[in-house]
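The file query_1.csv contains CSV, C-alpha atoms:
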```csv
chain,number,residue,atom,x,y,z
A,132,MET,CA,-21.1,-0.3,7.6
A,133,ASN,CA,-19.3,-2.8,5.3
A,134,LEU,CA,-15.8,-2.2,4.1
A,135,ILE,CA,-16.9,-0.3,0.9
A,136,GLU,CA,-19.1,2.0,3.0
A,137,LYS,CA,-16.2,2.6,5.4
A,138,LEU,CA,-13.8,3.4,2.5
A,139,ASN,CA,-16.4,5.9,1.1
A,140,TRP,CA,-16.7,7.4,4.6
A,141,ARG,CA,-12.9,8.0,4.9
A,142,TYR,CA,-11.2,11.0,3.4
A,143,ALA,CA,-7.9,12.8,4.0
A,144,VAL,CA,-8.9,14.9,7.0
A,145,LYS,CA,-7.5,18.5,7.0
A,146,ARG,CA,-8.6,19.5,10.5
A,147,TYR,CA,-9.0,17.4,13.6
A,148,THR,CA,-10.7,17.8,17.0
A,149,ASN,CA,-8.6,17.2,20.1
A,150,ALA,CA,-10.3,13.9,20.8
A,151,LYS,CA,-7.9,11.0,21.5
A,152,VAL,CA,-8.0,7.6,19.7
A,153,PRO,CA,-8.7,5.0,22.4
A,154,THR,CA,-5.8,2.6,23.1
A,155,ASN,CA,-7.8,-0.5,21.9
A,156,LYS,CA,-8.5,1.1,18.6
A,157,LEU,CA,-5.0,2.3,18.1
A,158,ASN,CA,-3.6,-1.1,19.0
A,159,ARG,CA,-5.8,-2.8,16.4
A,160,ILE,CA,-4.7,-0.3,13.7
A,161,LEU,CA,-1.1,-1.0,14.6
A,162,GLU,CA,-1.7,-4.7,14.6
A,163,ALA,CA,-3.1,-4.5,11.1
A,164,ILE,CA,0.0,-2.6,10.0
A,165,ARG,CA,2.2,-5.3,11.7
A,166,LEU,CA,0.3,-8.0,9.7
A,167,SER,CA,0.7,-6.2,6.4
A,168,ALA,CA,1.9,-8.2,3.4
A,169,SER,CA,5.5,-7.6,2.5
A,170,SER,CA,7.7,-9.0,-0.3
A,171,ALA,CA,9.5,-12.1,1.1
A,172,GLY,CA,8.1,-11.2,4.5
A,173,LEU,CA,11.0,-8.8,5.2
A,174,GLN,CA,9.0,-5.7,6.4
A,175,PRO,CA,11.9,-3.3,5.5
A,176,TYR,CA,10.7,-0.4,7.6
A,177,SER,CA,9.9,0.9,11.1
A,178,ILE,CA,6.9,2.9,12.1
A,179,LEU,CA,7.1,5.7,14.7
A,180,VAL,CA,4.0,6.2,16.7
A,181,ILE,CA,4.0,9.7,18.1
A,182,GLU,CA,1.5,10.8,20.7
A,183,ASN,CA,4.0,13.1,22.5
A,184,GLU,CA,2.7,16.7,22.2
A,185,GLU,CA,6.1,18.3,22.5
A,186,LEU,CA,7.5,16.2,19.7
A,187,LYS,CA,4.6,16.9,17.4
A,188,LYS,CA,5.1,20.6,17.9
A,189,GLN,CA,8.8,20.2,17.1
A,190,LEU,CA,7.8,18.4,13.8
A,191,LEU,CA,5.2,20.9,12.8
A,192,ALA,CA,7.4,23.3,10.8
A,193,ALA,CA,9.0,20.4,8.9
A,194,ALA,CA,5.5,19.3,8.0
A,195,ASN,CA,4.8,22.6,6.3
A,196,ASN,CA,2.8,23.6,9.3
A,197,GLN,CA,-0.1,21.3,8.3
A,198,PRO,CA,-2.4,21.5,11.4
A,199,GLN,CA,-3.1,17.8,11.4
A,200,VAL,CA,0.3,17.1,12.8
A,201,THR,CA,-0.4,18.8,16.2
A,202,GLU,CA,-4.2,18.5,16.2
A,203,ALA,CA,-4.5,14.8,15.6
A,204,SER,CA,-4.4,12.3,18.3
A,205,HIS,CA,-1.4,10.3,16.9
A,206,LEU,CA,1.1,10.9,14.2
A,207,LEU,CA,2.6,7.8,12.5
A,208,VAL,CA,5.9,8.2,10.6
A,209,PHE,CA,6.6,5.5,8.1
A,210,ALA,CA,10.4,5.1,7.8
A,211,THR,CA,12.0,2.9,5.3
A,212,TRP,CA,15.3,1.0,5.6
A,213,GLU,CA,18.0,2.9,3.8
A,214,ASN,CA,19.5,-0.3,2.5
A,215,ILE,CA,19.1,-4.1,2.8
A,216,THR,CA,22.2,-5.4,4.6
A,217,GLU,CA,23.4,-9.0,5.2
A,218,GLU,CA,22.9,-8.4,8.9
A,219,LYS,CA,19.2,-7.6,8.4
A,220,VAL,CA,18.7,-10.6,6.2
A,221,ASN,CA,20.4,-12.9,8.7
A,222,ASN,CA,18.3,-11.5,11.6
A,223,TYR,CA,15.2,-12.1,9.6
A,224,ILE,CA,16.0,-15.6,8.6
A,225,GLN,CA,16.9,-16.4,12.3
A,226,HIS,CA,13.5,-15.0,13.2
A,227,VAL,CA,11.7,-17.2,10.6
A,228,ALA,CA,13.5,-20.3,11.9
A,229,THR,CA,12.5,-19.5,15.5
A,230,VAL,CA,8.8,-18.8,14.8
A,231,ARG,CA,8.5,-21.8,12.6
A,232,ASP,CA,10.7,-24.0,14.7
A,233,MET,CA,12.8,-25.0,11.7
A,234,ALA,CA,16.5,-25.7,11.3
A,235,LEU,CA,18.4,-22.7,10.1
A,236,GLU,CA,20.0,-24.6,7.3
A,237,SER,CA,16.6,-25.6,5.9
A,238,LEU,CA,16.1,-21.9,5.0
A,239,ASP,CA,19.3,-21.6,3.0
A,240,VAL,CA,17.6,-21.2,-0.4
A,241,TYR,CA,15.3,-18.5,0.9
A,242,LYS,CA,18.2,-16.8,2.7
A,243,ASN,CA,20.4,-16.8,-0.5
A,244,ARG,CA,17.5,-15.3,-2.5
A,245,LEU,CA,17.3,-12.5,0.1
A,246,LEU,CA,21.0,-12.0,0.2
A,247,GLY,CA,20.8,-11.5,-3.5
A,248,LEU,CA,19.1,-8.2,-2.7
A,249,THR,CA,22.2,-7.0,-0.9
A,250,ALA,CA,24.0,-7.0,-4.3
A,251,ARG,CA,21.7,-4.3,-5.6
A,252,ASN,CA,22.8,-0.7,-5.0
A,253,ALA,CA,21.4,1.1,-1.9
A,254,GLU,CA,19.1,3.4,-4.0
A,255,GLU,CA,17.5,0.4,-5.8
A,256,ASN,CA,17.0,-1.3,-2.4
A,257,PHE,CA,15.6,1.8,-0.9
A,258,ASN,CA,13.1,2.3,-3.7
A,259,TRP,CA,12.0,-1.3,-3.4
A,260,ALA,CA,11.7,-1.0,0.4
A,261,ALA,CA,9.7,2.3,0.1
A,262,ARG,CA,7.1,0.5,-2.0
A,263,GLN,CA,6.8,-2.2,0.7
A,264,THR,CA,6.3,0.6,3.2
A,265,TYR,CA,3.4,1.9,1.2
A,266,ILE,CA,1.7,-1.5,1.4
A,267,ALA,CA,1.9,-1.1,5.2
A,268,MET,CA,0.5,2.5,4.9
A,269,GLY,CA,-2.3,1.3,2.6
A,270,THR,CA,-3.2,-1.4,5.2
A,271,GLY,CA,-3.1,1.1,8.0
A,272,LEU,CA,-5.5,3.4,6.1
A,273,VAL,CA,-8.0,0.6,5.6
A,274,ALA,CA,-7.7,-0.5,9.2
A,275,ALA,CA,-8.3,3.0,10.5
A,276,ALA,CA,-11.4,3.3,8.4
A,277,ASP,CA,-12.5,-0.1,9.7
A,278,GLU,CA,-12.2,1.3,13.3
A,279,GLN,CA,-14.0,4.5,12.2
A,280,VAL,CA,-10.9,6.5,13.1
A,281,ASP,CA,-10.0,9.3,10.7
A,282,ALA,CA,-6.6,9.3,9.0
A,283,THR,CA,-4.6,11.5,6.7
A,284,PRO,CA,-1.8,10.1,4.6
A,285,MET,CA,0.8,12.9,3.8
A,286,GLU,CA,3.8,13.2,1.6
A,287,GLY,CA,4.1,17.0,1.8
A,288,PHE,CA,6.7,17.2,4.5
A,289,ASP,CA,10.5,17.7,4.7
A,290,SER,CA,11.8,14.2,5.2
A,291,VAL,CA,15.3,15.4,5.9
A,292,GLY,CA,14.0,17.6,8.6
A,293,PHE,CA,11.9,14.8,10.1
A,294,ASP,CA,14.9,12.3,9.9
A,295,ASP,CA,17.0,14.9,11.7
A,296,ILE,CA,14.5,15.6,14.6
A,297,LEU,CA,13.7,11.9,15.0
A,298,LYS,CA,17.3,10.8,14.6
A,299,LEU,CA,16.4,8.3,11.9
A,300,LYS,CA,19.7,8.5,10.0
A,301,GLU,CA,21.4,6.9,13.0
A,302,LYS,CA,18.9,4.0,12.8
A,303,GLY,CA,19.5,3.5,9.1
A,304,LEU,CA,16.0,4.8,8.3
A,305,LYS,CA,14.5,7.5,6.0
A,306,SER,CA,10.9,8.8,6.5
A,307,VAL,CA,8.8,8.4,3.4
A,308,ALA,CA,5.3,9.2,4.4
A,309,ILE,CA,3.4,10.3,7.5
A,310,MET,CA,-0.2,9.6,8.6
A,311,THR,CA,-2.2,11.2,11.3
A,312,LEU,CA,-5.0,9.5,13.3
A,313,GLY,CA,-7.8,11.1,15.2
A,314,TYR,CA,-11.3,12.5,14.6
A,315,ARG,CA,-12.4,15.0,11.9
A,316,ASP,CA,-13.4,18.5,13.0
A,317,ILE,CA,-16.7,18.9,11.1
A,318,VAL,CA,-16.9,22.6,11.9
A,319,ASN,CA,-13.4,23.7,10.8
A,320,ASP,CA,-12.5,21.2,8.1
A,321,PRO,CA,-13.5,23.0,4.8
A,322,THR,CA,-13.3,19.7,2.9
A,323,VAL,CA,-15.6,17.7,5.2
A,324,ASN,CA,-18.5,17.6,2.7
A,325,PHE,CA,-16.5,17.4,-0.5
A,326,LYS,CA,-17.6,14.7,-2.8
A,327,LYS,CA,-15.0,11.9,-3.1
A,328,VAL,CA,-13.3,12.0,-6.5
A,329,ARG,CA,-12.0,8.7,-7.9
A,330,ARG,CA,-11.4,7.6,-11.4
A,331,SER,CA,-14.4,5.6,-12.8
A,332,GLY,CA,-14.1,1.8,-13.0
A,333,GLU,CA,-14.2,2.0,-16.8
A,334,ASP,CA,-11.2,4.3,-16.7
A,335,LEU,CA,-9.1,2.5,-14.0
A,336,PHE,CA,-9.6,-1.2,-14.9
A,337,ILE,CA,-8.8,-3.0,-18.1
A,338,HIS,CA,-10.7,-6.3,-18.3
A,339,PHE,CA,-9.7,-9.5,-20.1
A,340,LYS,CA,-12.7,-11.8,-19.8
A,341,ASN,CA,-13.0,-15.4,-21.1
B,49,MET,CA,-14.0,-12.8,11.9
B,50,ASN,CA,-12.9,-9.2,12.5
B,51,LEU,CA,-10.3,-7.5,10.4
B,52,ILE,CA,-7.3,-8.7,12.5
B,53,GLU,CA,-8.5,-12.3,12.3
B,54,LYS,CA,-8.9,-11.9,8.6
B,55,LEU,CA,-5.4,-10.6,8.2
B,56,ASN,CA,-4.1,-13.5,10.2
B,57,TRP,CA,-6.2,-15.9,8.0
B,58,ARG,CA,-4.6,-14.5,4.8
B,59,TYR,CA,-1.2,-15.6,3.5
B,60,ALA,CA,0.5,-15.6,0.1
B,61,VAL,CA,-1.1,-18.7,-1.4
B,62,LYS,CA,1.2,-20.8,-3.5
B,63,ARG,CA,-1.3,-23.2,-5.0
B,64,TYR,CA,-4.9,-22.6,-5.9
B,65,THR,CA,-8.0,-24.8,-6.7
B,66,ASN,CA,-9.8,-24.1,-9.9
B,67,ALA,CA,-12.8,-22.5,-8.0
B,68,LYS,CA,-13.8,-19.1,-9.4
B,69,VAL,CA,-14.3,-15.9,-7.4
B,70,PRO,CA,-18.0,-14.9,-7.6
B,71,THR,CA,-18.6,-11.7,-9.5
B,72,ASN,CA,-20.1,-9.9,-6.5
B,73,LYS,CA,-17.0,-10.6,-4.4
B,74,LEU,CA,-14.6,-9.6,-7.3
B,75,ASN,CA,-16.5,-6.4,-7.8
B,76,ARG,CA,-16.2,-5.4,-4.1
B,77,ILE,CA,-12.5,-6.1,-4.2
B,78,LEU,CA,-12.1,-3.9,-7.3
B,79,GLU,CA,-14.3,-1.2,-5.8
B,80,ALA,CA,-12.1,-1.1,-2.7
B,81,ILE,CA,-9.0,-0.8,-5.0
B,82,ARG,CA,-10.8,2.0,-6.9
B,83,LEU,CA,-11.5,3.8,-3.5
B,84,SER,CA,-7.8,3.5,-2.4
B,85,ALA,CA,-6.1,6.6,-1.0
B,86,SER,CA,-3.7,8.3,-3.5
B,87,SER,CA,-1.5,11.3,-3.2
B,88,ALA,CA,-3.4,14.4,-4.5
B,89,GLY,CA,-6.1,11.9,-5.6
B,90,LEU,CA,-4.3,11.3,-8.9
B,91,GLN,CA,-4.4,7.4,-8.9
B,92,PRO,CA,-1.4,7.2,-11.4
B,93,TYR,CA,-1.9,3.6,-12.5
B,94,SER,CA,-4.2,1.2,-14.2
B,95,ILE,CA,-5.2,-2.3,-13.1
B,96,LEU,CA,-5.6,-5.1,-15.5
B,97,VAL,CA,-8.1,-7.7,-14.4
B,98,ILE,CA,-7.4,-11.0,-16.3
B,99,GLU,CA,-9.8,-13.9,-16.2
B,100,ASN,CA,-9.0,-15.0,-19.7
B,101,GLU,CA,-7.4,-18.5,-19.6
B,102,GLU,CA,-5.5,-18.1,-22.8
B,103,LEU,CA,-3.9,-14.9,-21.7
B,104,LYS,CA,-3.0,-16.3,-18.3
B,105,LYS,CA,-1.2,-19.2,-20.1
B,106,GLN,CA,0.7,-16.7,-22.3
B,107,LEU,CA,1.9,-14.8,-19.2
B,108,LEU,CA,2.9,-17.9,-17.3
B,109,ALA,CA,6.5,-18.1,-18.5
B,110,ALA,CA,7.1,-14.4,-17.9
B,111,ALA,CA,5.9,-15.0,-14.3
B,112,ASN,CA,8.7,-17.5,-13.7
B,113,ASN,CA,6.1,-20.3,-14.2
B,114,GLN,CA,4.6,-19.7,-10.8
B,115,PRO,CA,1.4,-21.9,-10.9
B,116,GLN,CA,-0.8,-19.3,-9.2
B,117,VAL,CA,-0.9,-17.3,-12.5
B,118,THR,CA,-2.9,-20.0,-14.3
B,119,GLU,CA,-4.5,-21.8,-11.4
B,120,ALA,CA,-6.0,-18.8,-9.7
B,121,SER,CA,-9.4,-17.4,-10.7
B,122,HIS,CA,-8.2,-13.9,-11.6
B,123,LEU,CA,-4.9,-12.3,-12.1
B,124,LEU,CA,-4.6,-8.5,-11.4
B,125,VAL,CA,-1.7,-6.6,-12.9
B,126,PHE,CA,-0.8,-3.3,-11.3
B,127,ALA,CA,0.6,-1.0,-13.9
B,128,THR,CA,2.0,2.4,-13.1
B,129,TRP,CA,2.1,5.5,-15.3
B,130,GLU,CA,5.5,5.8,-16.9
B,131,ASN,CA,5.4,9.6,-16.3
B,132,ILE,CA,3.1,12.4,-15.1
B,133,THR,CA,2.2,14.5,-18.1
B,134,GLU,CA,0.4,17.8,-18.4
B,135,GLU,CA,-2.4,16.1,-20.3
B,136,LYS,CA,-3.0,13.6,-17.4
B,137,VAL,CA,-3.1,16.4,-14.9
B,138,ASN,CA,-5.5,18.5,-17.0
B,139,ASN,CA,-7.8,15.4,-17.4
B,140,TYR,CA,-7.8,14.8,-13.7
B,141,ILE,CA,-8.6,18.5,-12.8
B,142,GLN,CA,-11.4,18.4,-15.3
B,143,HIS,CA,-12.7,15.3,-13.6
B,144,VAL,CA,-12.6,16.9,-10.2
B,145,ALA,CA,-14.4,20.0,-11.4
B,146,THR,CA,-17.1,17.8,-13.0
B,147,VAL,CA,-17.6,15.5,-9.9
B,148,ARG,CA,-17.7,18.4,-7.5
B,149,ASP,CA,-19.5,20.8,-9.8
B,150,MET,CA,-16.9,23.5,-9.4
B,151,ALA,CA,-15.6,26.1,-11.8
B,152,LEU,CA,-12.4,24.9,-13.4
B,153,GLU,CA,-10.6,28.1,-12.5
B,154,SER,CA,-11.3,27.6,-8.8
B,155,LEU,CA,-9.0,24.6,-9.0
B,156,ASP,CA,-6.0,26.5,-10.4
B,157,VAL,CA,-3.9,26.3,-7.2
B,158,TYR,CA,-4.4,22.6,-7.0
B,159,LYS,CA,-3.7,22.2,-10.7
B,160,ASN,CA,-0.5,24.2,-10.5
B,161,ARG,CA,0.7,22.1,-7.6
B,162,LEU,CA,0.1,19.0,-9.7
B,163,LEU,CA,1.7,20.5,-12.8
B,164,GLY,CA,4.8,21.0,-10.6
B,165,LEU,CA,5.2,17.2,-10.8
B,166,THR,CA,5.6,17.3,-14.5
B,167,ALA,CA,8.8,19.3,-14.0
B,168,ARG,CA,10.4,16.3,-12.2
B,169,ASN,CA,12.2,13.7,-14.4
B,170,ALA,CA,10.3,10.7,-15.6
B,171,GLU,CA,12.1,8.3,-13.3
B,172,GLU,CA,11.3,10.3,-10.2
B,173,ASN,CA,7.7,10.5,-11.2
B,174,PHE,CA,7.6,6.8,-12.0
B,175,ASN,CA,9.1,5.9,-8.6
B,176,TRP,CA,6.5,8.2,-6.9
B,177,ALA,CA,3.7,6.7,-8.9
B,178,ALA,CA,4.8,3.2,-8.2
B,179,ARG,CA,4.5,3.9,-4.4
B,180,GLN,CA,0.9,5.1,-5.0
B,181,THR,CA,0.3,1.9,-6.9
B,182,TYR,CA,1.4,-0.1,-3.8
B,183,ILE,CA,-1.2,1.7,-1.6
B,184,ALA,CA,-3.8,0.3,-4.1
B,185,MET,CA,-2.3,-3.2,-3.9
B,186,GLY,CA,-2.3,-3.0,-0.1
B,187,THR,CA,-5.9,-2.0,-0.1
B,188,GLY,CA,-6.8,-4.8,-2.5
B,189,LEU,CA,-5.0,-7.4,-0.3
B,190,VAL,CA,-7.1,-6.2,2.8
B,191,ALA,CA,-10.3,-6.2,0.7
B,192,ALA,CA,-9.7,-9.7,-0.6
B,193,ALA,CA,-9.1,-10.9,3.0
B,194,ASP,CA,-12.3,-9.2,4.0
B,195,GLU,CA,-14.2,-11.1,1.4
B,196,GLN,CA,-12.4,-14.4,2.4
B,197,VAL,CA,-10.9,-14.6,-1.0
B,198,ASP,CA,-7.3,-15.7,-1.2
B,199,ALA,CA,-4.7,-13.5,-2.7
B,200,THR,CA,-1.0,-13.6,-3.6
B,201,PRO,CA,1.0,-10.4,-4.2
B,202,MET,CA,4.0,-11.1,-6.4
B,203,GLU,CA,7.0,-9.2,-7.7
B,204,GLY,CA,8.9,-12.1,-9.0
B,205,PHE,CA,7.9,-11.7,-12.7
B,206,ASP,CA,9.5,-10.3,-15.8
B,207,SER,CA,7.8,-6.9,-16.0
B,208,VAL,CA,9.3,-6.2,-19.5
B,209,GLY,CA,7.8,-9.5,-20.7
B,210,PHE,CA,4.4,-8.7,-19.2
B,211,ASP,CA,4.5,-5.2,-20.6
B,212,ASP,CA,5.2,-6.7,-24.0
B,213,ILE,CA,2.4,-9.3,-24.0
B,214,LEU,CA,-0.1,-6.8,-22.5
B,215,LYS,CA,1.0,-3.9,-24.8
B,216,LEU,CA,1.4,-1.7,-21.8
B,217,LYS,CA,4.2,0.5,-23.3
B,218,GLU,CA,1.7,1.8,-25.9
B,219,LYS,CA,-0.5,2.8,-23.0
B,220,GLY,CA,2.3,4.6,-21.1
B,221,LEU,CA,2.2,2.0,-18.4
B,222,LYS,CA,4.8,-0.3,-16.7
B,223,SER,CA,3.7,-3.4,-14.7
B,224,VAL,CA,5.1,-3.2,-11.1
B,225,ALA,CA,3.3,-6.0,-9.2
B,226,ILE,CA,0.8,-8.7,-9.8
B,227,MET,CA,-1.8,-10.3,-7.5
B,228,THR,CA,-3.8,-13.5,-8.0
B,229,LEU,CA,-7.2,-14.0,-6.5
B,230,GLY,CA,-8.9,-17.3,-5.9
B,231,TYR,CA,-9.1,-20.1,-3.3
B,232,ARG,CA,-6.2,-21.9,-1.6
B,233,ASP,CA,-5.6,-25.6,-2.4
B,234,ILE,CA,-5.2,-27.0,1.1
B,235,VAL,CA,-4.0,-30.4,-0.3
B,236,ASN,CA,-1.3,-29.2,-2.7
B,237,ASP,CA,0.0,-25.9,-1.1
B,238,PRO,CA,3.0,-26.9,1.0
B,239,THR,CA,2.8,-23.6,2.9
B,240,VAL,CA,-0.8,-23.8,3.9
B,241,ASN,CA,-0.1,-24.6,7.6
B,242,PHE,CA,3.1,-22.4,7.9
B,243,LYS,CA,2.9,-20.2,10.9
B,244,LYS,CA,2.8,-16.5,9.9
B,245,VAL,CA,6.1,-14.7,10.5
B,246,ARG,CA,6.0,-11.0,11.3
B,247,ARG,CA,8.3,-8.7,13.1
B,248,SER,CA,7.2,-8.2,16.7
B,249,GLY,CA,5.5,-5.0,17.7
B,250,GLU,CA,8.5,-4.2,19.9
B,251,ASP,CA,10.8,-4.5,16.9
B,252,LEU,CA,8.6,-2.8,14.3
B,253,PHE,CA,7.2,0.2,16.3
B,254,ILE,CA,9.0,3.1,18.0
B,255,HIS,CA,6.7,4.8,20.5
B,256,PHE,CA,6.8,8.4,21.7
B,257,LYS,CA,4.2,8.7,24.5
B,258,ASN,CA,3.3,11.7,26.5
```
Write-out of the structure in structure tokens:
Amino acid sequence: MNLIEKLNWRYAVKRYTNAKVPTNKLNRILEAIRLSASSAGLQPYSILVIENEELKKQLLAAANNQPQVTEASHLLVFATWENITEEKVNNYIQHVATVRDMALESLDVYKNRLLGLTARNAEENFNWAARQTYIAMGTGLVAAADEQVDATPMEGFDSVGFDDILKLKEKGLKSVAIMTLGYRDIVNDPTVNFKKVRRSGEDLFIHFKN
Amino acid sequence: MNLIEKLNWRYAVKRYTNAKVPTNKLNRILEAIRLSASSAGLQPYSILVIENEELKKQLLAAANNQPQVTEASHLLVFATWENITEEKVNNYIQHVATVRDMALESLDVYKNRLLGLTARNAEENFNWAARQTYIAMGTGLVAAADEQVDATPMEGFDSVGFDDILKLKEKGLKSVAIMTLGYRDIVNDPTVNFKKVRRSGEDLFIHFKN
């Protein structure tokens, strides 16, 4: 299958079998997420990778009892930085200097541009960082399809409840979306044969040709 | 190349040659964007596909004169719905019923859930819709890499200026991100050999194993 066929194959699975995603496939999906594009390269989020059955059970009620949370092999929680702080920017610039073997001072223009973000209020920064998080989730969804691993992106959960159980507040994080990984249950998922609905190209795209 | 190799190959290109992206490749990238996951399937955005040289020149100043805008083969503008209206929800539900050949009434629960969104204020809906738009952009970036087409996602532009030139306000849209498509200029792009910087897996992921 090419990428378009894989994207047509994928859908937001409602019921999973108990089959586990093999480690090599999981690792490639996570590596794709790690390589996601991110504004200024900052990657202002963390991703929780939950395989632990007890923890998934604890989270179930806060996920509106959606069965994917406990049935699926893995649950990813996309958690966004609550704010962009000077410390985070400094750590990042240090990391760039190390990876690229550059003098720290040579990155001053870049650093000052990023430090400009710290002047915005926390809500503005969080909204910006949440959008970056969604690029990572989009990348993860395509990577899962590429591996023929089923995935369900979900927003219908109690993020405060999740943050509480996962102690995200202490880490300066807020959960914004979750995504299960596993294998569709073709017997029990009532949506398995639903035709994919997408807006037509004529409706979605506005072309300006030469 | 597999997907991971392609994601390592891609970077945010700063300078492009004048080579055009072939129509078949462009169409596959757009089709991937059209197939992007979207909460409740709503796809609350439009994508402007700009090949027109005059229009790219008109937009250049509002894009902080970043040379990618005029050098690249195509400029995509990701424009988010300003608000979620009852009319948009009704149109969408009608579309679902048509594609799936279902009675409109059978979608009442789904429709009422979506109509619930119209009770939120416009800013909240716009922020939510902007995140959905970023899933589409993330999908487009992976699809471009898959086609070995270079791409640059950009937020550093004057969205009010863009909306004005592209008459987006009249369409109920606001530009949130742009993305150029084309081919890297290996002679003139000073960043072409920069080592990719990403947070390490240890830093980015938090694992909860069994």
Give the residues of chain B that lie within 8 Å of chain A; count only C-alpha atoms, and format the answer as a compact mmCIF listing (two decimals) with C-alpha atoms, in the coordinates of the input.
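The resulting file, selection.txt, is shown below:
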```txt
# COMPACT_ATOMS: atom_id res chain seq x y z
CA LEU B 51 -10.30 -7.50 10.40
CA ILE B 52 -7.30 -8.70 12.50
CA LEU B 55 -5.40 -10.60 8.20
CA ASN B 56 -4.10 -13.50 10.20
CA ARG B 76 -16.20 -5.40 -4.10
CA GLU B 79 -14.30 -1.20 -5.80
CA ALA B 80 -12.10 -1.10 -2.70
CA ARG B 82 -10.80 2.00 -6.90
CA LEU B 83 -11.50 3.80 -3.50
CA SER B 84 -7.80 3.50 -2.40
CA ALA B 85 -6.10 6.60 -1.00
CA SER B 87 -1.50 11.30 -3.20
CA GLY B 89 -6.10 11.90 -5.60
CA GLN B 91 -4.40 7.40 -8.90
CA TYR B 93 -1.90 3.60 -12.50
CA SER B 94 -4.20 1.20 -14.20
CA ILE B 95 -5.20 -2.30 -13.10
CA LEU B 96 -5.60 -5.10 -15.50
CA VAL B 97 -8.10 -7.70 -14.40
CA ILE B 98 -7.40 -11.00 -16.30
CA GLU B 99 -9.80 -13.90 -16.20
CA ASN B 100 -9.00 -15.00 -19.70
CA GLU B 101 -7.40 -18.50 -19.60
CA HIS B 143 -12.70 15.30 -13.60
CA VAL B 144 -12.60 16.90 -10.20
CA VAL B 147 -17.60 15.50 -9.90
CA ARG B 148 -17.70 18.40 -7.50
CA ASN B 175 9.10 5.90 -8.60
CA ALA B 178 4.80 3.20 -8.20
CA ARG B 179 4.50 3.90 -4.40
CA GLN B 180 0.90 5.10 -5.00
CA TYR B 182 1.40 -0.10 -3.80
CA ILE B 183 -1.20 1.70 -1.60
CA ALA B 184 -3.80 0.30 -4.10
CA MET B 185 -2.30 -3.20 -3.90
CA GLY B 186 -2.30 -3.00 -0.10
CA THR B 187 -5.90 -2.00 -0.10
CA LEU B 189 -5.00 -7.40 -0.30
CA VAL B 190 -7.10 -6.20 2.80
CA ALA B 191 -10.30 -6.20 0.70
CA ASP B 194 -12.30 -9.20 4.00
CA PRO B 201 1.00 -10.40 -4.20
CA MET B 202 4.00 -11.10 -6.40
CA GLU B 203 7.00 -9.20 -7.70
CA PHE B 242 3.10 -22.40 7.90
CA LYS B 243 2.90 -20.20 10.90
CA VAL B 245 6.10 -14.70 10.50
CA ARG B 246 6.00 -11.00 11.30
CA ARG B 247 8.30 -8.70 13.10
CA SER B 248 7.20 -8.20 16.70
CA GLY B 249 5.50 -5.00 17.70
CA ASP B 251 10.80 -4.50 16.90
CA LEU B 252 8.60 -2.80 14.30
CA PHE B 253 7.20 0.20 16.30
CA ILE B 254 9.00 3.10 18.00
CA HIS B 255 6.70 4.80 20.50
CA PHE B 256 6.80 8.40 21.70
CA LYS B 257 4.20 8.70 24.50
CA ASN B 258 3.30 11.70 26.50
```
Task: Residue nearest Val200 of chain A - candidates A:Val323, A:Leu299, A:Ala282, A:Ala250, atoms counted: only C-alpha atoms - done: A:Ala282
Open item on the list: Show me, as a list in words, the residues that have an atom within 10 Å of Lys302 of chain A when counting all atoms listed in the file, minus same-chain residues fewer than 5 positions from it.
Closed with: Ser177, Ala210, Trp212, Glu213, Asp294 and Leu297 of chain A
Open item on the list: Residues proximal to (19.9, -17.5, 4.1) were defined as those with any atom within 12 Å of that point in the file's coordinates, counting only C-alpha atoms. Which are they, as a list in words?
Closed with: Glu217, Glu218, Lys219, Val220, Asn221, Asn222, Tyr223, Ile224, Gln225, His226, Val227, Ala228, Ala234, Leu235, Glu236, Ser237, Leu238, Asp239, Val240, Tyr241, Lys242, Asn243, Arg244, Leu245, Leu246, Gly247, Leu248 and Thr249 of chain A
Open item on the list: When you count only C-alpha atoms, which of these residues is closest to Glu172 of chain B: B:Ile234, B:Ala193, B:Met150, B:Ile132?
Closed with: B:Ile132
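The spacing separating atom CA of Asn113 of chain B from atom CA of Asp237 of chain B amounts to 15.5 Å.
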TODO: Work out how far apart atom CA of Lys156 of chain A and atom CA of Ala308 of chain A are and give it in Å to one decimal.
DONE: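 Atom-to-atom, atom CA of Lys156 of chain A to atom CA of Ala308 of chain A, that is 21.4 Å.
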